[in-house]
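**Q** Contents are mmCIF, C-alpha atoms; file name target_16.cif:
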data_work
loop_
_atom_site.label_atom_id
_atom_site.label_comp_id
_atom_site.auth_asym_id
_atom_site.auth_seq_id
_atom_site.Cartn_x
_atom_site.Cartn_y
_atom_site.Cartn_z
CA MET A 1116 43.41 -3.75 15.24
CA THR A 1117 41.48 -6.92 14.42
CA PHE A 1118 41.85 -9.85 16.78
CA GLY A 1119 43.57 -12.80 15.10
CA ARG A 1120 46.91 -14.20 14.06
CA SER A 1121 49.34 -11.36 13.43
CA GLY A 1122 50.64 -11.02 9.91
CA ALA A 1123 47.84 -13.05 8.34
CA ALA A 1124 46.68 -11.46 5.10
CA SER A 1125 43.41 -13.39 4.95
CA VAL A 1126 40.85 -15.11 7.13
CA VAL A 1127 38.91 -18.32 6.57
CA LEU A 1128 35.18 -18.68 7.11
CA ASN A 1129 34.05 -22.24 7.78
CA VAL A 1130 30.30 -22.37 7.29
CA GLY A 1131 28.85 -25.83 7.81
CA GLY A 1132 32.06 -27.46 6.55
CA ALA A 1133 32.42 -25.25 3.48
CA ARG A 1134 35.53 -23.02 3.66
CA TYR A 1135 35.73 -19.50 2.19
CA SER A 1136 38.87 -17.34 2.18
CA LEU A 1137 38.58 -13.55 2.51
CA SER A 1138 41.25 -10.87 2.64
CA ARG A 1139 41.39 -8.65 5.69
CA GLU A 1140 40.85 -5.55 3.53
CA LEU A 1141 37.50 -6.89 2.37
CA LEU A 1142 36.45 -7.96 5.85
CA LYS A 1143 35.74 -4.43 7.11
CA ASP A 1144 33.32 -3.47 4.34
CA PHE A 1145 31.91 -6.91 3.66
CA PRO A 1146 28.18 -6.66 2.73
CA LEU A 1147 27.11 -9.17 5.39
CA ARG A 1148 26.76 -7.54 8.78
CA ARG A 1149 27.79 -10.56 10.85
CA VAL A 1150 30.97 -11.09 8.81
CA SER A 1151 31.94 -7.41 8.89
CA ARG A 1152 31.60 -7.44 12.68
CA LEU A 1153 34.64 -9.72 12.84
CA HIS A 1154 36.82 -6.77 11.84
CA GLY A 1155 35.95 -4.92 15.04
CA CYS A 1156 36.58 -7.83 17.43
CA ARG A 1157 39.37 -7.09 19.93
CA SER A 1158 39.37 -10.30 21.95
CA GLU A 1159 38.45 -13.94 21.66
CA ARG A 1160 35.33 -13.27 23.67
CA ASP A 1161 34.19 -10.74 21.07
CA VAL A 1162 34.87 -13.25 18.32
CA LEU A 1163 32.80 -15.97 20.00
CA GLU A 1164 29.87 -13.58 20.22
CA VAL A 1165 29.90 -13.42 16.43
CA CYS A 1166 30.79 -16.99 15.44
CA ASP A 1167 30.52 -20.43 17.05
CA ASP A 1168 34.23 -21.28 17.27
CA TYR A 1169 37.63 -19.92 16.32
CA ASP A 1170 40.99 -21.48 15.47
CA ARG A 1171 43.70 -18.86 16.03
CA GLU A 1172 46.48 -20.95 14.51
CA ARG A 1173 44.74 -21.25 11.16
CA ASN A 1174 42.89 -17.94 11.57
CA GLU A 1175 39.64 -19.78 10.84
CA TYR A 1176 36.17 -18.79 12.01
CA PHE A 1177 33.54 -21.53 12.38
CA PHE A 1178 29.83 -20.94 11.82
CA ASP A 1179 27.40 -23.78 12.48
CA ARG A 1180 25.01 -22.71 9.74
CA HIS A 1181 23.59 -24.08 6.48
CA SER A 1182 26.43 -24.12 3.94
CA GLU A 1183 24.24 -24.18 0.81
CA ALA A 1184 22.17 -21.21 1.99
CA PHE A 1185 25.34 -19.24 2.74
CA GLY A 1186 26.60 -20.04 -0.75
CA PHE A 1187 23.46 -18.50 -2.28
CA ILE A 1188 23.74 -15.46 -0.01
CA LEU A 1189 27.44 -15.02 -0.79
CA LEU A 1190 26.81 -15.09 -4.53
CA TYR A 1191 24.11 -12.45 -4.09
CA VAL A 1192 26.19 -10.00 -2.03
CA ARG A 1193 29.08 -10.35 -4.49
CA GLY A 1194 26.77 -9.26 -7.30
CA HIS A 1195 26.44 -12.60 -9.07
CA GLY A 1196 22.70 -12.71 -9.56
CA LYS A 1197 19.52 -12.25 -7.57
CA LEU A 1198 18.67 -13.75 -4.21
CA ARG A 1199 16.26 -16.66 -4.40
CA PHE A 1200 15.49 -19.59 -2.13
CA ALA A 1201 17.87 -22.51 -2.16
CA PRO A 1202 16.38 -25.65 -3.75
CA ARG A 1203 14.95 -28.31 -1.44
CA MET A 1204 15.14 -25.94 1.53
CA CYS A 1205 12.29 -24.61 3.64
CA GLU A 1206 11.49 -20.95 3.03
CA LEU A 1207 11.46 -20.20 6.76
CA SER A 1208 14.84 -21.88 7.27
CA PHE A 1209 16.38 -19.88 4.44
CA TYR A 1210 14.89 -16.68 5.82
CA ASN A 1211 16.34 -17.54 9.23
CA GLU A 1212 19.76 -17.84 7.60
CA MET A 1213 19.27 -14.46 5.93
CA ILE A 1214 18.45 -12.84 9.27
CA TYR A 1215 21.48 -14.48 10.88
CA TRP A 1216 23.86 -13.06 8.28
CA GLY A 1217 22.23 -9.61 8.29
CA LEU A 1218 19.92 -9.59 5.28
CA GLU A 1219 16.22 -8.75 5.15
CA GLY A 1220 13.24 -10.16 3.34
CA ALA A 1221 13.33 -7.16 0.98
CA HIS A 1222 16.54 -8.52 -0.56
CA LEU A 1223 14.63 -11.50 -1.94
CA GLU A 1224 13.15 -11.53 -5.40
CA TYR A 1225 9.49 -10.47 -5.48
CA CYS A 1226 8.23 -13.99 -6.21
CA CYS A 1227 10.21 -15.36 -3.26
CA GLN A 1228 8.92 -12.59 -1.01
CA ARG A 1229 5.37 -13.65 -1.78
CA ARG A 1230 6.23 -17.30 -1.08
CA LEU A 1231 7.78 -16.29 2.24
CA ASP A 1232 4.79 -14.18 3.28
CA ASP A 1233 2.38 -16.98 2.37
CA ARG A 1234 4.41 -19.50 4.35
CA MET A 1235 4.62 -17.24 7.39
CA SER A 1236 0.89 -16.52 7.24
CA ASP A 1237 0.07 -20.22 7.00
CA THR A 1238 2.30 -21.18 9.92
CA TYR A 1239 1.71 -18.00 11.97
CA THR A 1240 5.47 -17.48 12.21
CA PHE A 1241 6.66 -14.08 13.38
CA TYR A 1242 10.17 -12.97 14.21
CA THR A 1243 10.83 -10.96 17.33
CA ALA A 1244 11.92 -7.35 17.24
CA GLU A 1245 15.30 -8.27 18.74
CA GLU A 1246 16.25 -10.26 15.66
CA PRO A 1247 18.28 -8.11 13.27
CA GLY A 1248 16.52 -7.49 10.01
CA ALA A 1249 13.19 -8.92 11.19
CA LEU A 1250 11.54 -5.54 11.14
CA GLY A 1251 13.62 -3.90 8.43
CA ARG A 1252 15.43 -1.47 10.71
CA ASP A 1253 18.32 0.58 9.44
CA ASP A 1254 20.75 -0.71 12.03
CA ALA A 1255 20.34 -4.24 10.63
CA ARG A 1256 21.16 -3.49 7.03
CA PRO A 1257 24.10 -5.23 5.32
CA GLY A 1258 27.44 -3.62 5.88
CA GLY A 1259 26.97 -3.05 9.59
CA ALA A 1260 27.45 0.71 9.39
CA GLU A 1261 25.38 2.59 11.91
CA ALA A 1262 23.19 5.26 10.37
CA PRO A 1263 23.73 8.88 11.47
CA THR A 1264 21.45 10.22 14.19
CA SER A 1265 19.71 12.64 11.82
CA ARG A 1266 19.05 9.88 9.30
CA ARG A 1267 17.65 7.56 11.96
CA TRP A 1268 15.42 10.40 13.17
CA LEU A 1269 14.12 11.03 9.65
CA GLU A 1270 13.51 7.31 9.16
CA ARG A 1271 11.57 7.15 12.42
CA MET A 1272 9.51 10.18 11.41
CA ARG A 1273 8.83 8.65 8.01
CA ARG A 1274 7.63 5.39 9.55
CA THR A 1275 5.48 7.32 12.01
CA PHE A 1276 3.61 9.11 9.22
CA GLU A 1277 3.65 6.38 6.56
CA GLU A 1278 3.13 3.19 8.60
CA PRO A 1279 0.35 3.54 11.20
CA THR A 1280 1.23 0.28 12.99
CA SER A 1281 4.99 0.86 13.23
CA SER A 1282 4.93 2.51 16.68
CA LEU A 1283 2.68 3.83 19.42
CA ALA A 1284 3.14 7.41 18.20
CA ALA A 1285 2.18 6.32 14.67
CA GLN A 1286 -1.05 4.77 15.94
CA ILE A 1287 -1.95 7.92 17.87
CA LEU A 1288 -1.23 10.06 14.81
CA ALA A 1289 -3.29 7.75 12.61
CA SER A 1290 -6.20 7.86 15.06
CA VAL A 1291 -6.17 11.67 15.04
CA SER A 1292 -6.09 11.68 11.23
CA VAL A 1293 -9.05 9.29 11.08
CA VAL A 1294 -11.01 11.54 13.46
CA PHE A 1295 -10.38 14.55 11.20
CA VAL A 1296 -11.48 12.57 8.13
CA ILE A 1297 -14.70 11.45 9.85
CA VAL A 1298 -15.48 14.96 11.12
CA SER A 1299 -14.91 16.47 7.67
CA MET A 1300 -17.19 13.86 6.06
CA VAL A 1301 -19.93 14.47 8.63
CA VAL A 1302 -19.76 18.22 8.01
CA LEU A 1303 -19.83 17.67 4.25
CA CYS A 1304 -22.91 15.45 4.48
CA ALA A 1305 -24.68 17.75 6.95
CA SER A 1306 -24.05 20.82 4.78
CA THR A 1307 -26.28 19.30 2.07
CA LEU A 1308 -29.28 18.91 4.40
CA PRO A 1309 -32.13 21.36 3.68
CA ASP A 1310 -32.41 22.44 7.32
CA TRP A 1311 -28.67 23.11 7.52
CA ARG A 1312 -28.73 25.15 4.33
CA ALA A 1313 -31.81 27.06 5.46
CA ALA A 1314 -30.18 27.93 8.77
CA ALA A 1315 -27.05 29.09 6.97
CA ALA A 1316 -29.15 31.18 4.59
CA ASP A 1317 -30.82 32.96 7.50
CA ASN A 1318 -27.45 34.18 8.75
CA ARG A 1319 -26.41 35.93 5.59
CA SER A 1320 -27.92 37.91 2.77
CA LEU A 1321 -28.96 35.92 -0.29
CA ASP A 1322 -28.54 39.05 -2.43
CA ASP A 1323 -24.86 39.45 -1.61
CA ARG A 1324 -23.59 35.90 -1.45
CA SER A 1325 -24.46 32.50 -2.81
CA ARG A 1326 -25.49 30.02 -0.17
CA TYR A 1327 -22.76 27.71 -1.49
CA SER A 1328 -20.01 30.27 -1.24
CA ALA A 1329 -16.87 29.18 0.58
CA SER A 1330 -16.41 31.57 3.49
CA PRO A 1331 -14.26 29.72 6.03
CA GLY A 1332 -14.07 31.35 9.39
CA ARG A 1333 -17.57 32.98 9.31
CA GLU A 1334 -19.67 29.89 9.95
CA PRO A 1335 -19.12 26.92 12.27
CA SER A 1336 -18.90 24.58 9.29
CA GLY A 1337 -16.32 26.86 7.69
CA ILE A 1338 -14.23 26.89 10.85
CA ILE A 1339 -14.32 23.09 11.11
CA GLU A 1340 -13.48 22.78 7.44
CA ALA A 1341 -10.50 25.13 7.82
CA ILE A 1342 -9.18 23.19 10.82
CA CYS A 1343 -9.44 19.87 8.96
CA ILE A 1344 -7.75 21.30 5.89
CA GLY A 1345 -4.99 22.73 8.06
CA TRP A 1346 -4.34 19.31 9.60
CA PHE A 1347 -4.33 17.52 6.24
CA THR A 1348 -2.02 20.14 4.73
CA ALA A 1349 0.45 19.96 7.61
CA GLU A 1350 0.42 16.17 7.49
CA CYS A 1351 1.07 16.14 3.75
CA ILE A 1352 3.92 18.65 4.02
CA VAL A 1353 5.65 16.74 6.82
CA ARG A 1354 5.34 13.46 4.94
CA PHE A 1355 6.85 15.11 1.87
CA ILE A 1356 9.78 16.52 3.87
CA VAL A 1357 10.69 13.22 5.55
CA SER A 1358 10.19 11.08 2.42
CA LYS A 1359 13.27 9.38 0.97
CA ASN A 1360 12.48 10.01 -2.68
CA LYS A 1361 10.53 13.19 -3.40
CA CYS A 1362 9.71 12.22 -7.00
CA GLU A 1363 8.47 8.79 -5.91
CA PHE A 1364 6.39 10.47 -3.19
CA VAL A 1365 4.58 12.65 -5.72
CA LYS A 1366 3.84 9.68 -7.99
CA ARG A 1367 2.16 7.54 -5.32
CA PRO A 1368 -1.62 7.19 -5.83
CA LEU A 1369 -2.55 7.94 -2.22
CA ASN A 1370 -0.46 11.11 -2.26
CA ILE A 1371 -2.13 12.22 -5.49
CA ILE A 1372 -5.51 11.65 -3.83
CA ASP A 1373 -4.38 13.74 -0.85
CA LEU A 1374 -3.47 16.55 -3.23
CA LEU A 1375 -6.83 16.29 -5.01
CA ALA A 1376 -8.63 16.46 -1.66
CA ILE A 1377 -6.72 19.51 -0.37
CA THR A 1378 -6.33 21.65 -3.49
CA PRO A 1379 -10.06 22.38 -4.14
CA TYR A 1380 -10.39 24.14 -0.78
CA TYR A 1381 -7.62 26.62 -1.54
CA ILE A 1382 -8.93 27.13 -5.09
CA SER A 1383 -12.41 27.89 -3.76
CA VAL A 1384 -11.01 30.34 -1.21
CA LEU A 1385 -9.00 32.13 -3.91
CA MET A 1386 -12.05 32.28 -6.18
CA THR A 1387 -14.08 33.81 -3.36
CA VAL A 1388 -11.37 36.40 -2.71
CA PHE A 1389 -10.96 37.39 -6.35
CA THR A 1390 -14.66 37.40 -7.30
CA GLY A 1391 -15.73 39.17 -4.14
CA GLU A 1392 -19.03 38.88 -2.31
CA ASN A 1393 -21.16 40.16 -5.20
CA SER A 1394 -22.96 38.91 -8.26
CA GLN A 1395 -19.74 37.58 -9.81
CA LEU A 1396 -19.78 34.85 -7.21
CA GLN A 1397 -23.09 33.62 -8.60
CA ARG A 1398 -21.35 32.78 -11.86
CA ALA A 1399 -18.67 30.91 -9.95
CA GLY A 1400 -21.24 29.10 -7.78
CA VAL A 1401 -21.29 25.92 -9.86
CA THR A 1402 -17.50 25.71 -9.88
CA LEU A 1403 -17.36 26.20 -6.12
CA ARG A 1404 -19.94 23.50 -5.52
CA VAL A 1405 -17.93 21.06 -7.66
CA LEU A 1406 -14.71 21.94 -5.88
CA ARG A 1407 -16.24 21.58 -2.43
CA MET A 1408 -17.82 18.26 -3.34
CA MET A 1409 -14.36 16.95 -4.23
CA ARG A 1410 -13.77 16.74 -0.49
CA ILE A 1411 -15.30 13.28 -0.79
CA PHE A 1412 -11.79 12.15 -1.78
CA TRP A 1413 -10.89 12.48 1.90
CA VAL A 1414 -12.63 9.16 2.48
CA ILE A 1415 -9.91 7.45 0.45
CA LYS A 1416 -7.38 8.75 2.97
CA LEU A 1417 -8.70 6.04 5.28
CA ALA A 1418 -6.83 3.54 3.09
CA ARG A 1419 -3.68 4.51 4.98
CA HIS A 1420 -5.14 3.21 8.22
CA PHE A 1421 -7.39 0.27 7.27
CA ILE A 1422 -6.06 -2.94 5.83
CA GLY A 1423 -9.32 -3.65 3.99
CA LEU A 1424 -9.05 -0.59 1.74
CA GLN A 1425 -5.35 -1.30 1.18
CA THR A 1426 -6.22 -4.84 0.14
CA LEU A 1427 -8.79 -3.56 -2.33
CA GLY A 1428 -6.34 -1.13 -3.90
CA LEU A 1429 -3.55 -3.71 -4.11
CA THR A 1430 -5.92 -6.26 -5.64
CA LEU A 1431 -7.08 -3.83 -8.32
CA LYS A 1432 -3.46 -2.99 -9.08
CA ARG A 1433 -2.43 -6.62 -9.52
CA CYS A 1434 -5.59 -7.72 -11.32
CA TYR A 1435 -5.89 -4.96 -13.88
CA ARG A 1436 -5.62 -7.52 -16.69
CA GLU A 1437 -8.52 -9.51 -15.27
CA MET A 1438 -10.51 -6.31 -14.81
CA VAL A 1439 -9.88 -5.32 -18.43
CA MET A 1440 -10.89 -8.82 -19.52
CA LEU A 1441 -14.12 -8.50 -17.52
CA LEU A 1442 -14.92 -5.16 -19.16
CA VAL A 1443 -14.26 -6.63 -22.61
CA PHE A 1444 -16.63 -9.52 -21.89
CA ILE A 1445 -19.37 -7.11 -20.79
CA CYS A 1446 -18.90 -4.74 -23.75
CA VAL A 1447 -19.00 -7.55 -26.32
CA ALA A 1448 -22.09 -9.11 -24.78
CA MET A 1449 -23.73 -5.69 -24.43
CA ALA A 1450 -23.17 -4.92 -28.11
CA ILE A 1451 -24.66 -8.26 -29.22
CA PHE A 1452 -27.69 -8.34 -26.92
CA SER A 1453 -28.55 -4.66 -27.35
CA ALA A 1454 -28.64 -5.01 -31.13
CA LEU A 1455 -30.77 -8.16 -30.95
CA SER A 1456 -33.16 -6.73 -28.35
CA GLN A 1457 -33.66 -3.54 -30.37
CA LEU A 1458 -34.44 -5.62 -33.44
CA LEU A 1459 -36.89 -7.97 -31.67
CA GLU A 1460 -38.69 -5.28 -29.64
CA HIS A 1461 -38.76 -2.37 -32.05
CA GLY A 1462 -37.41 -3.20 -35.50
CA LEU A 1463 -39.64 -6.08 -36.65
CA ASP A 1464 -43.14 -4.70 -36.01
CA LEU A 1465 -43.31 -0.91 -35.99
CA GLU A 1466 -47.03 -0.84 -35.08
CA THR A 1467 -46.65 -2.76 -31.79
CA SER A 1468 -43.04 -1.80 -31.15
CA ASN A 1469 -41.64 -1.26 -27.66
CA LYS A 1470 -40.78 2.42 -27.40
CA ASP A 1471 -38.24 1.72 -24.65
CA PHE A 1472 -36.06 -0.13 -27.18
CA ALA A 1473 -36.21 2.58 -29.85
CA SER A 1474 -32.42 2.60 -30.30
CA ILE A 1475 -29.41 0.41 -29.58
CA PRO A 1476 -27.96 2.83 -26.99
CA ALA A 1477 -31.30 2.75 -25.14
CA ALA A 1478 -31.23 -1.05 -25.23
CA CYS A 1479 -27.69 -1.06 -23.81
CA TRP A 1480 -29.07 0.18 -20.49
CA TRP A 1481 -31.47 -2.75 -20.30
CA VAL A 1482 -28.69 -5.20 -21.22
CA ILE A 1483 -26.28 -3.96 -18.52
CA ILE A 1484 -28.85 -4.06 -15.70
CA SER A 1485 -29.98 -7.52 -16.86
CA MET A 1486 -26.47 -8.99 -17.11
CA THR A 1487 -25.65 -7.74 -13.63
CA THR A 1488 -29.01 -9.14 -12.36
CA VAL A 1489 -30.06 -5.72 -11.02
CA GLY A 1490 -33.32 -5.35 -12.96
CA TYR A 1491 -34.72 -1.93 -12.08
CA GLY A 1492 -37.90 -2.66 -14.02
CA ASP A 1493 -37.94 0.71 -15.76
CA MET A 1494 -37.79 -1.06 -19.14
CA TYR A 1495 -38.41 -4.68 -20.10
CA PRO A 1496 -39.23 -6.73 -23.23
CA ILE A 1497 -42.88 -7.40 -24.06
CA THR A 1498 -42.56 -9.82 -26.99
CA VAL A 1499 -41.97 -13.54 -26.57
CA PRO A 1500 -38.68 -13.54 -28.52
CA GLY A 1501 -37.55 -10.53 -26.52
CA ARG A 1502 -38.28 -12.27 -23.22
CA ILE A 1503 -36.40 -15.38 -24.34
CA LEU A 1504 -33.48 -13.17 -25.28
CA GLY A 1505 -33.73 -11.52 -21.85
CA GLY A 1506 -33.38 -14.90 -20.14
CA VAL A 1507 -30.35 -15.75 -22.24
CA CYS A 1508 -28.90 -12.32 -21.45
CA VAL A 1509 -29.26 -12.85 -17.69
CA VAL A 1510 -27.68 -16.33 -17.75
CA SER A 1511 -24.86 -15.11 -20.00
CA GLY A 1512 -24.18 -12.23 -17.65
CA ILE A 1513 -23.88 -14.55 -14.65
CA VAL A 1514 -21.43 -16.82 -16.48
CA LEU A 1515 -19.31 -14.02 -17.94
CA LEU A 1516 -19.04 -12.21 -14.61
CA ALA A 1517 -18.11 -15.40 -12.78
CA LEU A 1518 -15.21 -16.37 -15.09
CA PRO A 1519 -12.63 -13.70 -14.07
CA ILE A 1520 -14.00 -13.31 -10.54
CA THR A 1521 -12.15 -16.47 -9.44
CA PHE A 1522 -8.77 -14.99 -10.31
CA ILE A 1523 -9.66 -11.70 -8.63
CA TYR A 1524 -10.84 -13.51 -5.50
CA HIS A 1525 -7.61 -15.51 -5.12
CA SER A 1526 -5.55 -12.36 -5.64
CA PHE A 1527 -7.65 -10.56 -3.02
CA VAL A 1528 -7.05 -13.33 -0.47
CA GLN A 1529 -3.32 -13.32 -1.20
CA CYS A 1530 -3.06 -9.54 -0.91
CA TYR A 1531 -4.99 -9.63 2.35
CA HIS A 1532 -2.62 -12.19 3.87
CA GLU A 1533 0.42 -10.20 2.74
CA LEU A 1534 -0.83 -6.95 4.25
CA LYS A 1535 -2.05 -8.70 7.39
CA PHE A 1536 1.34 -10.33 7.91
CA ARG A 1537 3.12 -7.02 7.35
CA SER A 1538 0.83 -5.37 9.88
CA ALA A 1539 1.47 -8.19 12.36
CA ARG A 1540 5.22 -7.69 12.11
CA TYR A 1541 4.88 -4.00 12.97
CA SER A 1542 2.46 -4.88 15.76
CA ARG A 1543 5.18 -6.98 17.35
CA SER A 1544 7.46 -3.95 17.14
CA LEU A 1545 4.73 -1.84 18.75
CA SER A 1546 4.35 -4.35 21.60
CA ALA A 1547 8.09 -4.31 22.26
CA GLU A 1548 8.13 -0.50 22.28
CA PHE A 1549 5.17 -0.37 24.68
CA LEU A 1550 6.74 -2.88 27.09
CA ASN A 1551 10.06 -1.06 27.06
#
For this file, write the structure as C-alpha cells.
**A**
Amino acid sequence: MTFGRSGAASVVLNVGGARYSLSRELLKDFPLRRVSRLHGCRSERDVLEVCDDYDRERNEYFFDRHSEAFGFILLYVRGHGKLRFAPRMCELSFYNEMIYWGLEGAHLEYCCQRRLDDRMSDTYTFYTAEEPGALGRDDARPGGAEAPTSRRWLERMRRTFEEPTSSLAAQILASVSVVFVIVSMVVLCASTLPDWRAAAADNRSLDDRSRYSASPGREPSGIIEAICIGWFTAECIVRFIVSKNKCEFVKRPLNIIDLLAITPYYISVLMTVFTGENSQLQRAGVTLRVLRMMRIFWVIKLARHFIGLQTLGLTLKRCYREMVMLLVFICVAMAIFSALSQLLEHGLDLETSNKDFASIPAACWWVIISMTTVGYGDMYPITVPGRILGGVCVVSGIVLLALPITFIYHSFVQCYHELKFRSARYSRSLSAEFLN
C-alpha cells in the first residue's frame, strides 16, 4: 500500500512551483523512474529519499527541480512530441534533469545528442557510474521495472562482446581478439615470402598438391590459421546469440566484414576436400589463392577496438554526399583535361605526336596523377601547350580537392569527439568496476 493520505484518488507533484496532478493508478507505471518509485514508498522516510519534501494533508510531493525542464520531459513521456532541449537552458543542466527523473541521453533527438556530446567534450564533463542513466544501464530505464536476471546477463554479455571499454572482461576479450588478428595477418604476410613458400614446397610433393592449397592441420601455418578462424567463428556466433535484434546484427557493416573474412576459409577447405589432392586442385588453385587473400579483411576487425578506425568509418558514413561531390569534381575535370591533353600532345601534329597520349583513356591516367600531385613521371607532356595545360591541371586539382575537404575535416573532428566521449563514459564504468 502506498504511503500517503488514505482515500486520496490522486497525488500532486510540485516541481519548482509548478503543480501536476496524477491519479494513483498511473503512478505505479509512470514512465519516469523517480515518480514511479513513489508508489512503492511505505513510510515518510522512503518518500523523502525520492523527493525533497512532502505534505501529507494535501498529498503533495515537492521536488526542488527546474519546472520548465520537467514540463518538456513530461510532454515527451506522455507521447506529445520528441524530447529536445528547453530554450534558454544549458544543455548540461537539462541533461542533469533528465538523469534525475530517470531518462538517458538516448531519449534525446539526434541533433540534441550531438549538441550534448559536443558540450560535454568541450567542458570535460563526465557523470559518475552511480548516477542512474549516466551509463545507459537497464536498471535506470524509465518505468523503474527491474530487468530479469537472464536479460541482465544477456545485456552484460552483449556489452562485453560489442563494447570493448564497457568492462574489464570486455577489455581482456578485446585484447585477445586483437592478438589473434595480428597473428593471422603476420602469418598471411609471411606465407607470401619466397623462403616460406620454398620451405613449404620442400615438405610436400609438387606433383600431388599445389603449393597454395589449403591444408589446415598439416603445416604450422595451417594450424595457426585454423586456431584463428576458430576464435573468430566462436566470437561471431556468441555475438549473434546475445544480440538484441538478429536482423539488425546481420545488416551491420562490421558484421558483414566478419562474415567475409571467415567464409573464404571454410569455402577453401570444402574445395580442397571435394577436389582432392590431385590435378583437379590445380584448376582450383587461382580460386583458393583469391579466397585465402580475402583474409586481409581481418584487419578491419580492428575497428571494433580502435577509436581511430571507428572515427574514419563514421566520418565516411556521414560525409557520403561530400565524397560523391569530390568524385564528381574529379571525374568532370578528368574528362576535360584528358581530352585537351590528348588533342595537344597527339592530335594536332601526328609526326611529332606524344605516343603516351595516344587516346583519351591513356591521358586520363596522367590527369589523375597530376591532379592528386603524385606525378609518377611515367608519362608527361612534351609540347609547350601541353605543359601549360599540365600546370593548370595541377592547380585545378589542388583547388578541387581542397573544397570538400573542409567539410570532411570538421565532420571527422566531430565524430572523433563523439566516440572519444562515449569511450570515456565507459572508462569511468570500468574504473568503478575495478575499484569495487
**Q** Report as a Markdown table: every residue of segment 1367-1387 of chain A with an atom at most 12 Å from segment 1290-1303 of chain A, its closest pair of atoms, and their distance in Å to one decimal, counting all atoms listed in the file, with rows sorted by chain and ascending residue number.
**A**
| residue | atom | partner | partner_atom | distance |
| --- | --- | --- | --- | --- |
| A:Asp1373 | CA | A:Val1296 | CA | 11.5 |
| A:Ala1376 | CA | A:Val1296 | CA | 10.9 |
| A:Ile1377 | CA | A:Ser1299 | CA | 11.9 |
**Q** Please report the interatomic distance between atom CA of Tyr1191 of chain A and atom CA of Arg1230 of chain A in Å with one decimal.
**A**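 The value is 18.8 Å.
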**Q** Would you mind telling me which residue in A:Ala1133, A:Cys1351, A:Val1510, A:Ile1356 lies nearest to Leu1369 of chain A when using only C-alpha atoms?
**A**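 Looking at the shortest contact to Leu1369 of chain A, the residue is A:Cys1351.
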**Q** Given only C-alpha atoms as the basis, pick out the residue of A:Phe1412, A:Phe1276, A:Tyr1135, A:Tyr1381 nearest to Arg1354 of chain A.
**A**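 Among the listed residues, the smallest separation from Arg1354 of chain A belongs to A:Phe1276.
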**Q** Atom CA of Asp1161 of chain A and atom CA of Leu1142 of chain A are how many Å apart?
**A**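 These atoms are spaced 15.6 Å apart.
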**Q** List, as number ranges by chain, every residue that the PyMOL selection byres ((chain A and resi 1479) around 10) selects in the file provided.
**A** A: 1446, 1448-1454, 1456-1457, 1472, 1474-1478, 1480-1485
**Q** So what do you get for atom CA of Cys1508 of chain A versus atom CA of Met1486 of chain A, distance-wise?
**A**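 Spanning atom CA of Cys1508 of chain A to atom CA of Met1486 of chain A is a straight-line distance of 6.0 Å.
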**Q** Can you list, as a PyMOL selection string, every protein, DNA or RNA residue that comes within 9 Å of Leu1269 of chain A when you count all atoms listed in the file, leaving out same-chain residues fewer than 6 positions away?
**A** chain A and resi 1357-1359
